[in-house]
Every structure is written in structure tokens, then in C-alpha cells.
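Coordinates as given in upload-v1.csv (CSV, C-alpha atoms and all ligand atoms):
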```
chain,number,residue,atom,x,y,z
A,1,MET,CA,144.8,132.7,148.1
A,2,GLN,CA,141.1,132.0,148.6
A,3,PRO,CA,139.7,134.8,146.4
A,4,GLU,CA,142.1,133.7,143.7
A,5,ALA,CA,141.2,130.1,144.0
A,6,SER,CA,137.5,130.7,144.1
A,7,GLU,CA,137.7,133.1,141.1
A,8,ARG,CA,139.6,130.5,139.1
A,9,LEU,CA,137.0,127.9,140.1
A,10,GLU,CA,134.2,130.2,138.9
A,11,GLU,CA,136.0,130.7,135.6
A,12,LEU,CA,136.5,126.9,135.3
A,13,VAL,CA,132.8,126.3,135.9
A,14,SER,CA,131.6,128.8,133.4
A,15,ARG,CA,134.0,127.5,130.7
A,16,ALA,CA,133.0,123.9,131.5
A,17,LEU,CA,129.2,124.8,131.2
A,18,GLU,CA,129.8,126.5,127.9
A,19,GLU,CA,131.7,123.5,126.6
A,20,LEU,CA,129.1,121.1,127.9
A,21,GLU,CA,126.5,123.2,126.0
A,22,ASN,CA,128.3,123.1,122.7
A,23,VAL,CA,129.3,119.5,122.6
A,24,LYS,CA,127.8,117.6,119.6
A,25,THR,CA,128.4,113.9,120.1
A,26,ILE,CA,128.1,111.4,123.0
A,27,GLU,CA,131.8,110.5,122.5
A,28,ALA,CA,132.9,114.1,122.8
A,29,LEU,CA,130.7,114.6,125.8
A,30,ASP,CA,132.2,111.6,127.5
A,31,SER,CA,135.8,112.7,126.9
A,32,LEU,CA,134.8,116.2,128.2
A,33,LYS,CA,133.4,114.6,131.3
A,34,THR,CA,136.7,112.8,131.9
A,35,ARG,CA,138.6,116.1,131.4
A,36,LEU,CA,136.4,118.0,133.8
A,37,LEU,CA,135.2,115.4,136.4
A,38,GLY,CA,137.6,112.5,135.9
A,39,ARG,CA,140.0,111.2,138.6
A,40,LYS,CA,142.8,113.4,137.1
A,41,GLY,CA,140.4,116.0,135.8
A,42,LEU,CA,140.3,119.8,136.3
A,43,LEU,CA,137.9,119.6,139.2
A,44,ALA,CA,140.1,116.9,140.9
A,45,GLU,CA,143.0,119.4,140.6
A,46,ALA,CA,140.9,122.1,142.3
A,47,PHE,CA,140.0,119.7,145.1
A,48,ALA,CA,143.7,119.0,145.5
A,49,CYS,CA,144.4,122.6,146.1
A,50,LEU,CA,141.9,122.5,149.0
A,51,ARG,CA,144.6,121.0,151.1
A,52,THR,CA,146.9,123.9,150.5
A,53,LEU,CA,144.4,126.4,152.0
A,54,PRO,CA,144.4,127.5,155.6
A,55,GLU,CA,142.0,125.5,157.6
A,56,ASP,CA,139.5,128.3,158.2
A,57,ARG,CA,138.9,128.8,154.5
A,58,ARG,CA,138.6,125.2,153.5
A,59,GLY,CA,135.0,125.0,154.6
A,60,ARG,CA,133.7,127.6,152.2
A,61,PHE,CA,135.9,126.6,149.3
A,62,GLY,CA,135.0,123.0,149.8
A,63,LYS,CA,131.3,123.9,149.6
A,64,GLN,CA,131.9,125.9,146.5
A,65,LEU,CA,133.8,122.9,144.9
A,66,ASN,CA,130.9,120.5,145.7
A,67,GLU,CA,128.4,122.9,144.2
A,68,ALA,CA,130.5,123.2,141.0
A,69,LYS,CA,130.7,119.4,140.8
A,70,ALA,CA,127.0,119.0,141.2
A,71,CYS,CA,126.3,121.7,138.7
A,72,MET,CA,128.6,120.2,136.0
A,73,LEU,CA,127.2,116.7,136.7
A,74,GLU,CA,123.7,117.9,136.2
A,75,ARG,CA,124.5,119.6,132.9
A,76,TYR,CA,126.4,116.5,131.8
A,77,GLU,CA,123.4,114.2,132.5
A,78,ALA,CA,121.0,116.6,130.8
A,79,LYS,CA,123.2,116.9,127.7
A,80,LYS,CA,123.6,113.1,127.6
A,81,ARG,CA,119.8,112.6,127.6
A,82,GLN,CA,119.4,115.2,124.9
A,83,LEU,CA,122.1,113.6,122.6
A,84,GLU,CA,120.7,110.1,123.2
A,85,THR,CA,117.2,110.9,122.2
A,86,GLY,CA,118.4,113.1,119.3
A,87,GLN,CA,116.4,116.0,120.6
A,88,ASN,CA,119.3,118.4,120.2
A,89,ALA,CA,118.4,122.0,120.6
A,90,ASN,CA,120.3,122.6,117.4
A,91,PRO,CA,118.7,120.5,114.6
A,92,SER,CA,121.8,120.7,112.4
A,93,SER,CA,123.8,118.7,115.0
A,94,SER,CA,121.4,115.8,115.4
A,95,VAL,CA,122.9,112.5,116.2
A,96,LEU,CA,123.0,109.6,113.8
A,97,ASP,CA,122.1,106.3,115.6
A,98,VAL,CA,123.5,103.6,113.3
A,99,SER,CA,122.0,100.9,115.4
A,100,LEU,CA,118.4,102.0,114.6
A,101,PRO,CA,116.7,99.5,112.1
A,102,GLY,CA,116.3,101.1,108.7
A,103,PRO,CA,113.1,101.3,106.7
A,104,LEU,CA,112.2,97.9,105.2
A,105,PRO,CA,112.2,97.7,101.5
A,106,GLN,CA,108.8,96.9,100.1
A,107,ALA,CA,108.7,93.3,98.9
A,108,GLY,CA,107.1,92.7,95.5
A,109,LYS,CA,104.5,90.0,94.9
A,110,ALA,CA,102.2,88.7,92.2
A,111,HIS,CA,99.6,91.1,90.9
A,112,PRO,CA,96.0,90.2,92.1
A,113,ILE,CA,95.1,89.1,88.6
A,114,SER,CA,98.0,86.7,88.5
A,115,GLN,CA,97.1,85.4,91.9
A,116,VAL,CA,93.5,84.8,90.9
A,117,GLN,CA,94.5,83.2,87.6
A,118,ASP,CA,96.9,80.9,89.4
A,119,GLU,CA,94.2,79.9,91.8
A,120,ILE,CA,91.8,79.1,88.9
A,121,LEU,CA,94.5,77.0,87.2
A,122,ALA,CA,95.3,75.2,90.4
A,123,ILE,CA,91.6,74.0,90.7
A,124,PHE,CA,91.6,72.7,87.1
A,125,LEU,CA,95.0,71.1,87.5
A,126,GLN,CA,93.6,69.2,90.4
A,127,MET,CA,90.9,67.9,88.0
A,128,GLY,CA,93.5,66.5,85.7
A,129,TYR,CA,93.8,69.4,83.2
A,130,SER,CA,97.1,70.6,81.8
A,131,VAL,CA,98.0,74.1,80.9
A,132,ALA,CA,98.3,75.2,77.2
A,133,LYS,CA,99.2,78.6,75.7
A,134,GLY,CA,98.5,80.3,72.4
A,135,PRO,CA,99.6,83.6,70.8
A,136,GLU,CA,98.0,86.9,71.6
A,137,LEU,CA,98.6,88.1,68.0
A,138,GLU,CA,96.3,85.7,66.2
A,139,ASP,CA,95.1,85.2,62.7
A,140,ASP,CA,91.6,85.4,61.4
A,141,TYR,CA,91.4,81.7,60.8
A,142,HIS,CA,92.1,80.6,64.5
A,143,ASN,CA,90.3,83.5,66.1
A,144,PHE,CA,87.1,83.3,63.9
A,145,GLU,CA,87.0,80.9,60.9
A,146,ALA,CA,87.9,77.6,62.6
A,147,LEU,CA,85.6,78.5,65.5
A,148,ASN,CA,82.6,78.5,63.1
A,149,ILE,CA,82.4,82.3,63.2
A,150,PRO,CA,81.5,83.2,59.6
A,151,LYS,CA,82.8,86.3,57.7
A,152,HIS,CA,79.7,88.4,58.3
A,153,HIS,CA,79.5,87.6,62.1
A,154,PRO,CA,79.2,90.8,64.3
A,155,ALA,CA,82.0,89.6,66.5
A,156,ARG,CA,84.4,90.4,63.7
A,157,ASP,CA,83.1,94.0,63.6
A,158,MET,CA,85.6,96.8,63.9
A,159,GLN,CA,83.7,97.8,67.0
A,160,ASP,CA,84.9,94.8,68.9
A,161,THR,CA,88.2,93.6,67.4
A,162,PHE,CA,91.6,95.3,67.2
A,163,PHE,CA,92.9,94.5,63.8
A,164,VAL,CA,96.5,94.9,63.0
A,165,GLN,CA,97.2,97.6,60.5
A,166,ASN,CA,99.2,96.7,57.5
A,167,ALA,CA,99.0,93.0,58.4
A,168,GLU,CA,96.0,91.6,56.6
A,169,GLY,CA,94.3,88.8,58.5
A,170,PHE,CA,96.0,89.5,61.8
A,171,LEU,CA,94.4,90.7,65.0
A,172,LEU,CA,94.7,90.8,68.7
A,173,ARG,CA,92.8,87.7,69.8
A,174,THR,CA,89.3,88.6,71.1
A,175,HIS,CA,89.1,85.5,73.3
A,176,THR,CA,91.2,82.4,74.3
A,177,SER,CA,89.0,80.1,72.2
A,178,PRO,CA,91.6,80.0,69.3
A,179,VAL,CA,93.8,78.0,71.7
A,180,GLN,CA,91.1,75.2,71.4
A,181,ILE,CA,92.0,75.0,67.7
A,182,ARG,CA,95.7,75.2,68.2
A,183,VAL,CA,95.7,72.5,70.9
A,184,MET,CA,93.6,70.1,68.8
A,185,GLU,CA,95.8,70.8,65.7
A,186,ARG,CA,98.9,70.2,67.7
A,187,LEU,CA,98.0,67.4,70.2
A,188,GLY,CA,94.9,65.8,68.6
A,189,VAL,CA,92.3,64.1,70.8
A,190,PRO,CA,91.6,63.1,73.6
A,191,VAL,CA,92.6,66.3,75.2
A,192,GLN,CA,92.0,68.1,78.5
A,193,VAL,CA,93.5,71.6,78.8
A,194,VAL,CA,93.1,75.0,80.4
A,195,ALA,CA,94.6,78.0,78.5
A,196,PRO,CA,95.1,81.2,80.4
A,197,GLY,CA,96.0,84.5,78.7
A,198,ARG,CA,95.3,88.1,77.7
A,199,VAL,CA,92.5,88.9,75.3
A,200,TYR,CA,91.6,92.2,73.6
A,201,ARG,CA,88.3,94.0,72.8
A,202,ARG,CA,87.4,97.6,72.1
A,203,ASP,CA,85.5,98.1,75.3
A,204,PHE,CA,86.1,100.4,78.3
A,205,ASP,CA,83.8,101.1,81.3
A,206,PRO,CA,83.8,100.1,85.1
A,207,THR,CA,83.4,96.4,84.2
A,208,HIS,CA,85.1,96.2,80.8
A,209,SER,CA,88.7,96.8,79.9
A,210,PRO,CA,90.3,96.8,76.3
A,211,MET,CA,92.7,94.1,77.6
A,212,PHE,CA,91.6,91.4,80.0
A,213,HIS,CA,92.3,87.8,80.9
A,214,GLN,CA,90.5,84.6,80.2
A,215,VAL,CA,91.0,81.0,81.1
A,216,GLU,CA,89.8,78.7,78.4
A,217,GLY,CA,88.9,75.1,79.1
A,218,LEU,CA,88.7,72.2,76.6
A,219,MET,CA,87.8,68.6,77.2
A,220,ILE,CA,87.4,66.2,74.3
A,221,ASP,CA,86.9,62.4,74.7
A,222,LYS,CA,84.6,59.6,73.6
A,223,ASP,CA,81.8,60.1,76.1
A,224,VAL,CA,81.9,63.6,77.4
A,225,SER,CA,78.4,65.0,78.2
A,226,PHE,CA,76.8,68.3,79.1
A,227,ALA,CA,76.3,66.9,82.6
A,228,GLY,CA,80.0,66.6,82.8
A,229,LEU,CA,80.3,70.3,81.9
A,230,ILE,CA,77.8,71.3,84.6
A,231,GLY,CA,79.6,69.0,87.2
A,232,THR,CA,83.0,70.5,86.3
A,233,LEU,CA,81.9,74.1,86.6
A,234,ASP,CA,79.9,73.5,89.7
A,235,PHE,CA,82.9,71.9,91.3
A,236,PHE,CA,85.0,74.8,90.2
A,237,SER,CA,82.7,77.5,91.6
A,238,LYS,CA,82.4,75.8,94.9
A,239,ARG,CA,86.1,75.5,95.1
A,240,PHE,CA,86.7,79.1,94.1
A,241,PHE,CA,83.9,80.9,96.0
A,242,GLY,CA,83.2,78.4,98.7
A,243,PRO,CA,80.4,75.9,99.3
A,244,ASP,CA,77.6,78.5,99.4
A,245,ALA,CA,78.4,80.1,96.0
A,246,ALA,CA,75.2,80.8,94.1
A,247,VAL,CA,75.7,80.1,90.4
A,248,ARG,CA,73.2,79.7,87.6
A,249,PHE,CA,73.3,78.3,84.1
A,250,ARG,CA,71.5,80.3,81.4
A,251,PRO,CA,71.0,79.1,77.9
A,252,SER,CA,73.0,81.2,75.5
A,253,TYR,CA,74.6,81.2,72.0
A,254,PHE,CA,78.1,80.9,70.8
A,255,PRO,CA,78.9,79.9,67.2
A,256,PHE,CA,81.5,77.4,68.4
A,257,THR,CA,79.4,75.5,70.9
A,258,GLU,CA,76.0,73.8,70.7
A,259,PRO,CA,74.2,73.8,73.0
A,260,SER,CA,75.7,76.8,74.8
A,261,ALA,CA,75.3,78.4,78.2
A,262,GLU,CA,76.4,81.3,80.3
A,263,VAL,CA,77.2,80.9,83.9
A,264,ASP,CA,76.4,83.8,86.4
A,265,VAL,CA,77.5,84.2,90.0
A,266,ARG,CA,75.3,86.0,92.5
A,267,CYS,CA,76.6,89.5,92.9
A,268,ILE,CA,78.6,89.8,96.1
A,269,PHE,CA,78.2,93.6,96.2
A,270,CYS,CA,74.4,93.6,96.6
A,271,LYS,CA,73.9,90.0,97.5
A,272,GLY,CA,71.6,89.6,94.4
A,273,GLU,CA,69.5,92.7,95.1
A,274,GLY,CA,70.7,94.7,92.2
A,275,CYS,CA,73.4,97.4,92.0
A,276,ARG,CA,75.6,99.4,89.6
A,277,VAL,CA,78.2,96.6,89.3
A,278,CYS,CA,75.7,93.9,88.3
A,279,LYS,CA,73.6,96.4,86.3
A,280,ASN,CA,70.6,95.6,88.6
A,281,SER,CA,70.4,92.0,87.6
A,282,GLY,CA,71.7,90.6,90.9
A,283,TYR,CA,74.1,88.3,89.0
A,284,LEU,CA,77.4,88.8,87.2
A,285,GLU,CA,78.3,86.7,84.1
A,286,VAL,CA,81.6,85.0,84.7
A,287,LEU,CA,81.9,82.5,81.9
A,288,GLY,CA,80.5,81.1,78.6
A,289,CYS,CA,80.5,77.4,77.8
A,290,GLY,CA,78.9,74.7,75.8
A,291,MET,CA,79.4,71.4,73.9
A,292,VAL,CA,82.1,71.9,71.2
A,293,HIS,CA,80.3,72.4,67.8
A,294,PRO,CA,80.9,69.6,65.3
A,295,ALA,CA,82.1,72.2,62.7
A,296,VAL,CA,84.9,73.1,65.1
A,297,LEU,CA,86.0,69.5,65.5
A,298,GLU,CA,85.9,69.0,61.8
A,299,ALA,CA,88.1,72.1,61.3
A,300,CYS,CA,90.7,70.3,63.5
A,301,ARG,CA,90.3,67.0,61.6
A,302,VAL,CA,88.5,65.4,64.5
A,303,ASP,CA,85.6,63.1,63.7
A,304,PRO,CA,82.5,64.4,65.5
A,305,ASP,CA,80.8,61.0,65.2
A,306,GLU,CA,83.5,59.5,67.4
A,307,TRP,CA,84.5,62.4,69.7
A,308,GLN,CA,82.7,65.1,71.6
A,309,GLY,CA,83.5,67.5,74.3
A,310,PHE,CA,82.9,70.7,76.1
A,311,ALA,CA,84.6,74.1,76.3
A,312,PHE,CA,84.4,77.0,78.6
A,313,GLY,CA,85.9,80.5,78.8
A,314,LEU,CA,86.2,82.2,82.2
A,315,GLY,CA,86.7,85.9,82.7
A,316,VAL,CA,89.6,86.3,85.2
A,317,GLU,CA,88.9,90.0,86.1
A,318,ARG,CA,85.2,89.2,86.8
A,319,LEU,CA,86.1,86.4,89.1
A,320,ALA,CA,88.8,88.5,90.8
A,321,MET,CA,86.4,91.4,91.3
A,322,LEU,CA,83.8,89.1,92.9
A,323,LYS,CA,86.3,87.3,95.1
A,324,LEU,CA,88.2,90.4,96.2
A,325,GLY,CA,85.2,92.7,96.4
A,326,ILE,CA,86.5,95.2,93.8
A,327,ASP,CA,83.8,97.2,92.0
A,328,ASP,CA,85.9,98.8,89.2
A,329,ILE,CA,88.0,96.7,86.8
A,330,ARG,CA,90.2,99.7,86.0
A,331,LEU,CA,91.8,99.5,89.5
A,332,PHE,CA,93.6,96.4,88.3
A,333,TYR,CA,95.5,98.3,85.7
A,334,GLU,CA,96.3,101.5,87.5
A,335,ASN,CA,98.6,99.6,89.8
A,336,HIS,CA,98.3,102.2,92.5
A,337,PRO,CA,100.8,101.6,95.4
A,338,SER,CA,98.0,101.8,97.9
A,339,PHE,CA,95.8,99.3,96.0
A,340,LEU,CA,98.2,96.4,95.2
A,341,PRO,CA,99.6,95.6,98.6
A,342,GLN,CA,96.1,94.8,99.9
A,343,PHE,CA,96.2,91.4,98.2
A,401,LIG,N1,85.0,82.6,73.9
A,401,LIG,C1,83.8,83.0,74.6
A,401,LIG,C2,83.9,84.5,75.0
A,401,LIG,O1,85.0,85.0,74.9
A,401,LIG,C3,83.6,82.2,75.8
A,401,LIG,C4,83.4,80.7,75.5
A,401,LIG,C5,84.5,79.9,75.5
A,401,LIG,C6,82.1,80.3,75.2
A,401,LIG,C7,84.3,78.5,75.3
A,401,LIG,C8,81.9,78.9,75.0
A,401,LIG,C9,83.0,78.1,75.0
A,401,LIG,O2,82.9,85.1,75.3
```
Rewrite the coordinates I just gave you, this time as C-alpha cells.
Ligand code: PHE
Amino acid sequence: MQPEASERLEELVSRALEELENVKTIEALDSLKTRLLGRKGLLAEAFACLRTLPEDRRGRFGKQLNEAKACMLERYEAKKRQLETGQNANPSSSVLDVSLPGPLPQAGKAHPISQVQDEILAIFLQMGYSVAKGPELEDDYHNFEALNIPKHHPARDMQDTFFVQNAEGFLLRTHTSPVQIRVMERLGVPVQVVAPGRVYRRDFDPTHSPMFHQVEGLMIDKDVSFAGLIGTLDFFSKRFFGPDAAVRFRPSYFPFTEPSAEVDVRCIFCKGEGCRVCKNSGYLEVLGCGMVHPAVLEACRVDPDEWQGFAFGLGVERLAMLKLGIDDIRLFYENHPSFLPQF
């Protein structure tokens, strides 16, 4: 009896170990455990036959049974750990853990240019401005003529302007200033608006793009002065860059303003010492401005003896580059997935 029983036990153990080795899922492992080691399992049956043995043989067989049980339990535990951590020896049988959190979908958000543009508008809205819009496909009259830019002016040159082929007199607006004209035509005066939008010029290098964004400002009333313009832009730059922002006003020329000025912000890359981005000047031009030229008011049927005002045009990309510390404008348009989420 004993040799037969112990042989059967050996066979049971070797089959059990093989099955334990090949099991693929935790569920299958647990039902195998019940079948082998459960209260009515195969090993329990073997234990039951212990009582049928003559007393002198029970000791050895009992020891053998206990060893078999320990061996199977050990293999069971090892297999369980393996399946739980997914480190299965056989990669094709890895375990799917449906309770693991999945990869989060990347949430979209506003482009850095839109964010900066919104920030600019918010500051002017606080000062009582409202938002106006105009078309990107403009006509010669609104982009040039009404803005006191005569026919021979170099700004109309093919070098700078994208003209629309087969549509005489149409072009992609080269600035947002035509919105000044459209707003005065539509709303009359007094008026206080900011007009954001895309503009187009034939230009392409680290600080110029053929398409970029401007925010135009226009304020017309009965007693608007150049001091008001300086105060407005000073307030804006302190709000936008912080109280320590270094800005300077430089006399300049635009056909549609008189007097005119350009406003520069101290280069944040070199702190004013001179670098590639600011072309060694220490400053970056961020806007043009001035008192609206009487000829522009007249073109909009506004009496220059009664009304005056100021206008300004901000470069959104310039402001964004300075604020966000970006030294190449082209990064804004490449929309690289490692660039955009930084803002
Ligand atoms: N339109 C000018 C430009 O694009 C900027 C400007 C706007 C200057 C309004 C004066 C007044 O350069």
C-alpha cells in the first residue's frame, strides 16, 4: 500500500506543479488551488488515505504529505505574486489589470498668442475700452488711402504688402489701423476701442513672421491729449510687465498720426545690454502710436477742430516673446507639442 500511495502522491505533486506553472490568470490559479489544496481537494483526499495505512507507515507518508503541501503552497504563492505584478515569465500571457488608471487625455488650451492677446484686451477693457473687429481682407482705401498713406508711399510696396491677385484694390491688411477708419465710419465719435487681429507683411526672420497679430487702440473725444496717450501706455506696460517695466518713448513717424512715437521695452533677454533678439539695441519696439492726423479724421467726416484723439498699435508676438521669454517668433507657429503645453 505505502509504495503505491507514495508513488501516487509523487505523481500528484509533479502534475500539480506543472499545472501551477502553466496557469495564466489569477482566477484560474485560485480555482486550481481549491482543486489541489482545498478542504475537499486532491491533497485532502491523500490525507484521508493516511488513516487507512498501518500505523508504522503513517509517519513517513505523513511527512511526505506535509512536504507536498508546503511545496505546492510555495509554488502557488510565487505564481500569485508573479501574476499580480504582471511579471509573467511568458510575456504573451501578461495580465490585464482593468483597475489601473488609464493615460489621461491631453487637455487643450488657448494658444500662447491668444492668451497674451486676451491679457492685453483685459487691461484695456478695465480702462473703459470696448473691442472692435475689422476684416483681414482689406481694400486699398481703408488700409492706406483713408490713413493718409498716399499712392507712392513705400508701405504700399510689393515688398511689404500681400496684394490679392485678380482682385484689384484688395490686399491682406498690413496693420490693424484700418479698423480705426471702419469704427469711426460705423460708430462716429466719441469712441474708445481696441481692435485685435491678424495682419500680414512680406517679412520672415527670428523676429518677423509674414502673419502676426496686433491690437489697435483708438480714443477720440473733445479733449484728448498726448499726455493721455503716455499715461494710457504707461499704465498698460506696468500692468502687463509689472511695476518695474522699463519703457521708453521715441519720436517717430506714421502718416496717420502727428506727432508720432514708438514705444520700446527693455530687452528681457539681455537686460538692456544688447543681444541677437534686440539687435544689440537693448530695447525691443513693441508699439507705434501718436495723435490721430486731422486728415484721417476728415476722411471719416469727423471735424478735427472739434475732436482729437490718439491711436496706438501693439505687436502681440513682441509682447508675448518678452513676457514669456521666447527668442524666436517662429516657435509660435510651429505648434510643437513640447512647446505649447509650457504656457
Ligand atoms: N499701424 C502701425 C504699424 O503697424 C502702428 C500704429 C498704430 C502707429 C496706430 C500709430 C498709431 O506699424
**Report entry** segment 236-246 of chain A environment, 7 Å, only C-alpha atoms, sequence neighbours closer than 4 positions dropped, as a list in words
**Finding:** Ile123, Thr232, Val265, Arg266 and Lys323 of chain A
Counting only C-alpha atoms and all ligand atoms, name the residues that have an atom within 8 Å of an atom of ligand LIG 401 (chain A); the answer should be given as an mmCIF file with C-alpha atoms, keeping the file's coordinate frame.
```cif
data_model
loop_
_atom_site.group_PDB
_atom_site.id
_atom_site.type_symbol
_atom_site.label_atom_id
_atom_site.label_comp_id
_atom_site.auth_asym_id
_atom_site.auth_seq_id
_atom_site.Cartn_x
_atom_site.Cartn_y
_atom_site.Cartn_z
ATOM 1 C CA THR A 174 89.300 88.600 71.100
ATOM 2 C CA HIS A 175 89.100 85.500 73.300
ATOM 3 C CA THR A 176 91.200 82.400 74.300
ATOM 4 C CA SER A 177 89.000 80.100 72.200
ATOM 5 C CA GLN A 214 90.500 84.600 80.200
ATOM 6 C CA GLU A 216 89.800 78.700 78.400
ATOM 7 C CA GLY A 217 88.900 75.100 79.100
ATOM 8 C CA LEU A 218 88.700 72.200 76.600
ATOM 9 C CA PHE A 254 78.100 80.900 70.800
ATOM 10 C CA PHE A 256 81.500 77.400 68.400
ATOM 11 C CA THR A 257 79.400 75.500 70.900
ATOM 12 C CA SER A 260 75.700 76.800 74.800
ATOM 13 C CA ALA A 261 75.300 78.400 78.200
ATOM 14 C CA GLU A 262 76.400 81.300 80.300
ATOM 15 C CA LEU A 287 81.900 82.500 81.900
ATOM 16 C CA GLY A 288 80.500 81.100 78.600
ATOM 17 C CA CYS A 289 80.500 77.400 77.800
ATOM 18 C CA GLY A 290 78.900 74.700 75.800
ATOM 19 C CA MET A 291 79.400 71.400 73.900
ATOM 20 C CA VAL A 292 82.100 71.900 71.200
ATOM 21 C CA PHE A 310 82.900 70.700 76.100
ATOM 22 C CA ALA A 311 84.600 74.100 76.300
ATOM 23 C CA PHE A 312 84.400 77.000 78.600
ATOM 24 C CA GLY A 313 85.900 80.500 78.800
ATOM 25 C CA LEU A 314 86.200 82.200 82.200
#
```
Report task. Find the distance between atom CA of Asp221 of chain A and atom CA of Glu185 of chain A and write it in Å to one decimal. Result ->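 Atom-to-atom, atom CA of Asp221 of chain A and atom CA of Glu185 of chain A are spaced 15.2 Å apart.
Picture a line from atom CA of Val189 of chain A to atom CA of His142 of chain A; it runs 17.7 Å.
In this comparison, which uses only C-alpha atoms, the residue of A:Leu324, A:Pro54, A:Ala299, A:Gly309 approaching Leu147 of chain A most closely is A:Ala299.
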With only C-alpha atoms counted and 10 Å as the cut-off, give the residues of segment 63-175 of chain A in contact with segment 41-52 of chain A, each with its shortest interatomic distance in Å and the pair that gives it, as JSON lines.
```
{"residue": "A:Leu65", "atom": "CA", "partner": "A:Phe47", "partner_atom": "CA", "distance": 7.0}
{"residue": "A:Asn66", "atom": "CA", "partner": "A:Phe47", "partner_atom": "CA", "distance": 9.2}
{"residue": "A:Ala68", "atom": "CA", "partner": "A:Leu43", "partner_atom": "CA", "distance": 8.4}
{"residue": "A:Lys69", "atom": "CA", "partner": "A:Leu43", "partner_atom": "CA", "distance": 7.4}
{"residue": "A:Met72", "atom": "CA", "partner": "A:Leu43", "partner_atom": "CA", "distance": 9.9}
```
**Report entry** Ser281 of chain A environment, 10 Å, only C-alpha atoms, sequence neighbours closer than 5 positions dropped, as a VMD selection string
**Finding:** chain A and resid 266 to 267 270 272 to 276
**Report entry** Between atom CA of Leu172 of chain A and atom CA of Leu137 of chain A, distance in Å (one decimal)
**Finding:** 4.8 Å
**Report entry** Exercise: Gln64 of chain A partners within 12 Å, only C-alpha atoms, chain neighbours under 6 positions left out, as a ChimeraX atom specification
**Finding:** /A:2-3,5-10,13,43,46-47,50,57-58,70-71
Give as a compact mmCIF listing (two decimals) with C-alpha atoms, in the coordinates of the input each residue that has an atom at most 7 Å from (83.1, 76.2, 63.1) in the file, counting only C-alpha atoms.
```txt
# COMPACT_ATOMS: atom_id res chain seq x y z
CA GLU A 145 87.00 80.90 60.90
CA ALA A 146 87.90 77.60 62.60
CA LEU A 147 85.60 78.50 65.50
CA ASN A 148 82.60 78.50 63.10
CA ILE A 149 82.40 82.30 63.20
CA PRO A 255 78.90 79.90 67.20
CA PHE A 256 81.50 77.40 68.40
CA HIS A 293 80.30 72.40 67.80
CA ALA A 295 82.10 72.20 62.70
CA VAL A 296 84.90 73.10 65.10
CA ALA A 299 88.10 72.10 61.30
```
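Contact shell of Arg201 of chain A at 6 Å (all atoms listed in the file; same-chain neighbours under 6 positions omitted): Asp160, Thr161, Thr174 and Pro210 of chain A.
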Query - Contacts of Gly108 of chain A at 12 Å (only C-alpha atoms; same-chain gap of 4+ positions) as number ranges by chain - result: A: 112, 337, 340-341, 343
Query raised in the report: Which of these residues is nearest to Leu96 of chain A, using only C-alpha atoms: A:Leu83, A:Val23, A:Val215, A:Val183?
Result: A:Leu83
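For the residues A:Leu297, A:Leu229, A:Val263, A:Leu32, ranking by smallest atom-to-atom distance to Gln180 of chain A using all atoms listed in the file places A:Leu297 first.
Residue nearest Glu136 of chain A, chosen from A:Arg301, A:Arg198, A:Lys279, A:Lys40 and counting only C-alpha atoms: A:Arg198.
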